[in-house]
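Pasting data-v7.tsv here (TSV, C-alpha atoms):
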```
chain	number	residue	atom	x	y	z
A	1	MET	CA	32.79	-2.56	-1.57
A	2	THR	CA	31.84	-5.84	0.06
A	3	THR	CA	33.53	-7.48	2.98
A	4	ARG	CA	34.92	-10.93	2.29
A	5	GLY	CA	32.13	-13.48	2.66
A	6	GLN	CA	29.43	-10.84	3.09
A	7	SER	CA	27.06	-9.78	0.30
A	8	ALA	CA	26.36	-6.13	-0.47
A	9	GLN	CA	22.84	-6.65	0.88
A	10	GLU	CA	24.16	-8.01	4.19
A	11	GLN	CA	26.61	-5.11	4.40
A	12	ASN	CA	23.78	-2.63	3.89
A	13	LYS	CA	21.73	-4.33	6.60
A	14	GLU	CA	24.74	-4.05	8.92
A	15	VAL	CA	24.90	-0.28	8.33
A	16	LEU	CA	21.32	-0.03	9.63
A	17	ARG	CA	22.05	-2.22	12.63
A	18	LYS	CA	24.99	0.02	13.48
A	19	LEU	CA	22.78	3.09	13.03
A	20	ALA	CA	20.34	1.93	15.73
A	21	GLU	CA	23.14	0.64	17.96
A	22	SER	CA	25.04	3.95	17.84
A	23	LEU	CA	21.96	5.95	18.83
A	24	ASN	CA	21.00	3.52	21.57
A	25	LYS	CA	24.49	4.00	23.02
A	26	GLY	CA	24.34	7.77	22.50
A	27	ASP	CA	27.50	7.52	20.37
A	28	LEU	CA	27.10	10.48	18.03
A	29	LYS	CA	30.59	10.06	16.56
A	30	ALA	CA	29.85	6.48	15.48
A	31	HIS	CA	26.42	7.57	14.22
A	32	GLU	CA	27.80	10.41	12.10
A	33	ALA	CA	30.45	8.10	10.63
A	34	LEU	CA	27.66	6.06	9.00
A	35	TYR	CA	26.64	9.04	6.86
A	36	SER	CA	28.39	10.29	3.75
A	37	PRO	CA	29.73	13.86	3.97
A	38	ASN	CA	27.42	14.50	0.98
A	39	LEU	CA	24.27	13.19	2.70
A	40	VAL	CA	20.91	14.50	1.54
A	41	TYR	CA	18.22	13.86	4.14
A	42	HIS	CA	14.62	14.20	2.93
A	43	GLY	CA	12.53	14.84	6.03
A	44	LEU	CA	9.77	17.15	7.21
A	45	GLY	CA	9.86	20.92	7.61
A	46	GLU	CA	13.33	22.29	8.29
A	47	LEU	CA	14.79	18.88	7.50
A	48	ALA	CA	13.58	18.85	3.90
A	49	ASN	CA	16.69	18.19	1.81
A	50	ALA	CA	19.00	18.67	4.81
A	51	ASN	CA	22.75	18.10	4.61
A	52	ARG	CA	24.75	15.98	7.05
A	53	LYS	CA	25.50	18.86	9.43
A	54	THR	CA	21.84	19.90	9.68
A	55	TRP	CA	20.79	16.28	10.19
A	56	MET	CA	23.42	15.68	12.88
A	57	ASP	CA	22.46	18.93	14.65
A	58	PHE	CA	18.88	17.58	14.81
A	59	VAL	CA	20.00	14.15	16.06
A	60	THR	CA	22.18	15.80	18.72
A	61	ALA	CA	19.27	17.97	19.90
A	62	MET	CA	16.96	14.95	19.94
A	63	LEU	CA	19.33	12.88	22.08
A	64	LYS	CA	19.84	15.79	24.45
A	65	SER	CA	16.07	16.26	24.79
A	66	PHE	CA	15.34	12.53	25.09
A	67	PRO	CA	18.33	11.09	26.98
A	68	GLY	CA	18.33	7.32	26.99
A	69	ALA	CA	15.89	7.08	24.08
A	70	THR	CA	15.83	3.67	22.41
A	71	LEU	CA	15.44	2.75	18.77
A	72	THR	CA	14.24	-0.63	17.63
A	73	VAL	CA	14.42	-1.69	14.00
A	74	ASP	CA	11.15	-3.56	13.48
A	75	ASP	CA	11.46	-4.49	9.78
A	76	LEU	CA	14.33	-4.28	7.34
A	77	MET	CA	14.27	-4.94	3.58
A	78	VAL	CA	17.08	-4.53	1.07
A	79	GLU	CA	16.80	-4.04	-2.67
A	80	GLY	CA	19.98	-3.09	-4.49
A	81	ASP	CA	21.56	-0.03	-2.86
A	82	LYS	CA	18.39	0.86	-0.91
A	83	VAL	CA	17.29	-0.31	2.52
A	84	ALA	CA	13.71	0.22	3.68
A	85	TYR	CA	13.06	-0.08	7.36
A	86	ARG	CA	10.44	0.51	10.00
A	87	MET	CA	11.63	1.70	13.37
A	88	THR	CA	10.13	2.47	16.78
A	89	VAL	CA	11.63	5.23	18.93
A	90	ARG	CA	10.81	5.42	22.64
A	91	GLY	CA	11.90	8.07	25.09
A	92	THR	CA	10.98	10.60	27.74
A	93	GLN	CA	11.32	14.31	27.01
A	94	LYS	CA	13.72	15.77	29.58
A	95	GLY	CA	14.74	18.89	27.66
A	96	GLU	CA	13.40	21.45	25.19
A	97	PHE	CA	12.73	19.93	21.78
A	98	MET	CA	11.70	21.85	18.66
A	99	GLY	CA	10.50	24.75	20.82
A	100	ILE	CA	8.53	22.49	23.18
A	101	PRO	CA	9.69	22.87	26.81
A	102	ALA	CA	10.56	19.67	28.69
A	103	THR	CA	7.37	17.77	29.54
A	104	ASN	CA	8.76	14.65	31.23
A	105	LYS	CA	6.23	12.77	29.08
A	106	SER	CA	7.08	9.47	27.45
A	107	LEU	CA	6.48	8.95	23.79
A	108	THR	CA	6.58	6.25	21.20
A	109	ILE	CA	7.11	7.24	17.57
A	110	ARG	CA	6.97	4.92	14.62
A	111	THR	CA	8.93	5.89	11.56
A	112	MET	CA	9.45	4.51	8.08
A	113	ARG	CA	12.64	5.23	6.23
A	114	ILE	CA	14.43	4.39	3.05
A	115	VAL	CA	18.16	4.91	2.80
A	116	ARG	CA	20.48	4.69	-0.18
A	117	ILE	CA	23.90	3.34	0.68
A	118	SER	CA	27.10	3.67	-1.30
A	119	GLY	CA	30.52	2.51	-0.15
A	120	GLY	CA	29.15	1.53	3.25
A	121	LYS	CA	27.79	5.05	3.94
A	122	ILE	CA	24.27	6.45	3.88
A	123	VAL	CA	24.21	8.98	1.04
A	124	GLU	CA	20.50	9.69	0.91
A	125	GLU	CA	17.62	9.14	3.32
A	126	TRP	CA	13.86	9.61	3.12
A	127	GLU	CA	11.76	9.57	6.29
A	128	ASN	CA	8.08	9.68	7.11
A	129	PHE	CA	6.94	9.56	10.72
A	130	ASP	CA	3.90	10.32	12.83
A	131	ALA	CA	4.68	13.97	13.65
A	132	LEU	CA	1.09	14.62	14.74
A	133	GLY	CA	1.21	11.70	17.17
A	134	MET	CA	4.52	12.93	18.55
A	135	LEU	CA	3.11	16.42	19.22
A	136	GLN	CA	0.00	14.93	20.83
A	137	GLN	CA	2.02	12.64	23.08
A	138	LEU	CA	4.12	15.59	24.25
A	139	GLY	CA	0.97	17.61	24.95
A	140	ALA	CA	1.90	20.30	22.43
A	141	ILE	CA	-1.46	19.91	20.70
A	142	PRO	CA	-4.72	18.29	21.87
A	143	ALA	CA	-5.15	14.58	21.19
A	144	HIS	CA	-8.67	15.14	19.82
```
Show the structure stored in the file as structure tokens.
Amino acid sequence: MTTRGQSAQEQNKEVLRKLAESLNKGDLKAHEALYSPNLVYHGLGELANANRKTWMDFVTAMLKSFPGATLTVDDLMVEGDKVAYRMTVRGTQKGEFMGIPATNKSLTIRTMRIVRISGGKIVEEWENFDALGMLQQLGAIPAH
């Protein structure tokens, strides 16, 4: 499904631009609409092989804990139905997150993701991010 005058690769890049834009605006409805109802999210811990509901519950909790967080897509590469991208997330923890009470500490997380897109929707996503660095920045574990 390509839009007139726009290649499948450009369409897939646009899905990722909308992904960052929706989170930067705090628009969870627009964000969820980018994911297939059959999403499989391959993340860490409880998010290993998560479905769309589990993933959106996590995103909702993250935005509540880090209001006003910003996401910047640093690199974006497309090959067929897959998009690989590197992203930086910045925010200040104002609420409990993953059992960590609000710290009012700022953090910067770098993440690398690959998504598979079909019909303009993300159907599968793999993520690897610096979880250790995140916990250290929040003061949940010592930096050394």
Rounded to one decimal in Å, what is the spacing between CA of Asn128 in chain A and CA of Lys64 in chain A? 21.8 Å
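What separates CA of Val83 in chain A from CA of Ile114 in chain A is a distance of 5.5 Å.
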Compile the contact shell of range 35-45 of chain A as a CSV table (one decimal) with C-alpha atoms, in the frame of the given file: residues with an atom at most 10 Å away, counting all atoms listed in the file, same-chain residues fewer than 2 positions apart removed.
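Below is the file that was written, selection.csv:
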```
chain,number,residue,atom,x,y,z
A,15,VAL,CA,24.9,-0.3,8.3
A,19,LEU,CA,22.8,3.1,13.0
A,30,ALA,CA,29.8,6.5,15.5
A,31,HIS,CA,26.4,7.6,14.2
A,32,GLU,CA,27.8,10.4,12.1
A,33,ALA,CA,30.4,8.1,10.6
A,47,LEU,CA,14.8,18.9,7.5
A,48,ALA,CA,13.6,18.8,3.9
A,49,ASN,CA,16.7,18.2,1.8
A,50,ALA,CA,19.0,18.7,4.8
A,51,ASN,CA,22.8,18.1,4.6
A,52,ARG,CA,24.8,16.0,7.0
A,53,LYS,CA,25.5,18.9,9.4
A,54,THR,CA,21.8,19.9,9.7
A,55,TRP,CA,20.8,16.3,10.2
A,56,MET,CA,23.4,15.7,12.9
A,113,ARG,CA,12.6,5.2,6.2
A,114,ILE,CA,14.4,4.4,3.0
A,115,VAL,CA,18.2,4.9,2.8
A,116,ARG,CA,20.5,4.7,-0.2
A,117,ILE,CA,23.9,3.3,0.7
A,118,SER,CA,27.1,3.7,-1.3
A,119,GLY,CA,30.5,2.5,-0.2
A,120,GLY,CA,29.2,1.5,3.2
A,121,LYS,CA,27.8,5.0,3.9
A,122,ILE,CA,24.3,6.4,3.9
A,123,VAL,CA,24.2,9.0,1.0
A,124,GLU,CA,20.5,9.7,0.9
A,125,GLU,CA,17.6,9.1,3.3
A,126,TRP,CA,13.9,9.6,3.1
A,127,GLU,CA,11.8,9.6,6.3
A,128,ASN,CA,8.1,9.7,7.1
A,129,PHE,CA,6.9,9.6,10.7
A,131,ALA,CA,4.7,14.0,13.6
```
Which residues are near Ala143 in chain A? Cut-off 12 Å, all atoms listed in the file, ignore same chain within fewer than 6 positions. Put them as a ChimeraX atom specification. /A:132-137
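Distance-wise, CA of Phe97 in chain A and CA of Ala20 in chain A end up 20.5 Å apart.
Take the candidates A:Phe66, A:Phe58, A:Leu138, A:Asp75 and check each one against Arg17 in chain A using all atoms listed in the file; the shortest distance goes to A:Asp75.
Proximity ranking of A:Thr88, A:Ser65, A:Ser7, A:Thr70 relative to Pro101 in chain A places A:Ser65 first, based on only C-alpha atoms.
With all atoms listed in the file as the atoms that count, the residue of A:Val73, A:Leu28, A:Thr111, A:Lys18 with the shortest distance to Asp57 in chain A is A:Leu28.
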With all atoms listed in the file as the basis for distance, which of A:Thr103, A:Glu21, A:Gln93, A:His144 is at the shortest distance from Met62 in chain A? A:Gln93
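Candidate residues A:Gly99, A:Lys82, A:Met87, A:Arg110 were compared for distance to Gln9 in chain A, and the nearest is A:Lys82, using all atoms listed in the file.
The smallest atom-to-atom distance between Ile141 in chain A and any of A:Ile100, A:Leu107, A:Leu34, A:Val59, using only C-alpha atoms, is found for A:Ile100.
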Can we get range 22-65 of chain A of that structure written down with C-alpha atoms, as an mmCIF file, in the first residue's frame?
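Full text of selection.cif as output:
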```cif
data_model
loop_
_atom_site.group_PDB
_atom_site.id
_atom_site.type_symbol
_atom_site.label_atom_id
_atom_site.label_comp_id
_atom_site.auth_asym_id
_atom_site.auth_seq_id
_atom_site.Cartn_x
_atom_site.Cartn_y
_atom_site.Cartn_z
ATOM 1 C CA SER A 22 3.034 11.362 18.465
ATOM 2 C CA LEU A 23 5.108 10.679 21.578
ATOM 3 C CA ASN A 24 6.589 14.171 21.621
ATOM 4 C CA LYS A 25 3.027 15.523 21.600
ATOM 5 C CA GLY A 26 1.897 12.969 24.201
ATOM 6 C CA ASP A 27 -0.746 11.752 21.736
ATOM 7 C CA LEU A 28 -1.183 8.129 22.786
ATOM 8 C CA LYS A 29 -4.145 7.579 20.452
ATOM 9 C CA ALA A 30 -2.098 8.597 17.398
ATOM 10 C CA HIS A 31 0.842 6.535 18.680
ATOM 11 C CA GLU A 32 -1.229 3.385 19.162
ATOM 12 C CA ALA A 33 -2.742 3.790 15.689
ATOM 13 C CA LEU A 34 0.730 3.249 14.188
ATOM 14 C CA TYR A 35 0.848 -0.302 15.573
ATOM 15 C CA SER A 36 -0.914 -3.338 14.171
ATOM 16 C CA PRO A 37 -3.429 -4.979 16.527
ATOM 17 C CA ASN A 38 -1.204 -8.076 16.120
ATOM 18 C CA LEU A 39 2.025 -6.315 17.170
ATOM 19 C CA VAL A 40 4.809 -8.411 18.648
ATOM 20 C CA TYR A 41 7.289 -6.248 20.551
ATOM 21 C CA HIS A 42 10.640 -7.869 21.360
ATOM 22 C CA GLY A 43 12.063 -5.936 24.300
ATOM 23 C CA LEU A 44 13.714 -6.592 27.641
ATOM 24 C CA GLY A 45 12.269 -8.353 30.677
ATOM 25 C CA GLU A 46 8.493 -8.141 30.904
ATOM 26 C CA LEU A 47 8.397 -6.701 27.392
ATOM 27 C CA ALA A 48 9.894 -9.796 25.761
ATOM 28 C CA ASN A 49 7.427 -10.760 23.027
ATOM 29 C CA ALA A 50 4.811 -8.286 24.279
ATOM 30 C CA ASN A 51 1.540 -7.674 22.461
ATOM 31 C CA ARG A 52 0.172 -4.243 21.560
ATOM 32 C CA LYS A 53 -1.765 -3.804 24.807
ATOM 33 C CA THR A 54 1.258 -4.626 26.978
ATOM 34 C CA TRP A 55 3.450 -2.319 24.899
ATOM 35 C CA MET A 56 0.939 0.553 25.063
ATOM 36 C CA ASP A 57 0.533 0.072 28.831
ATOM 37 C CA PHE A 58 4.316 0.516 29.126
ATOM 38 C CA VAL A 59 4.353 3.598 26.868
ATOM 39 C CA THR A 60 1.476 5.128 28.860
ATOM 40 C CA ALA A 61 3.323 4.531 32.149
ATOM 41 C CA MET A 62 6.522 5.966 30.689
ATOM 42 C CA LEU A 63 4.830 9.164 29.519
ATOM 43 C CA LYS A 64 3.104 9.552 32.873
ATOM 44 C CA SER A 65 6.417 9.102 34.708
#
```
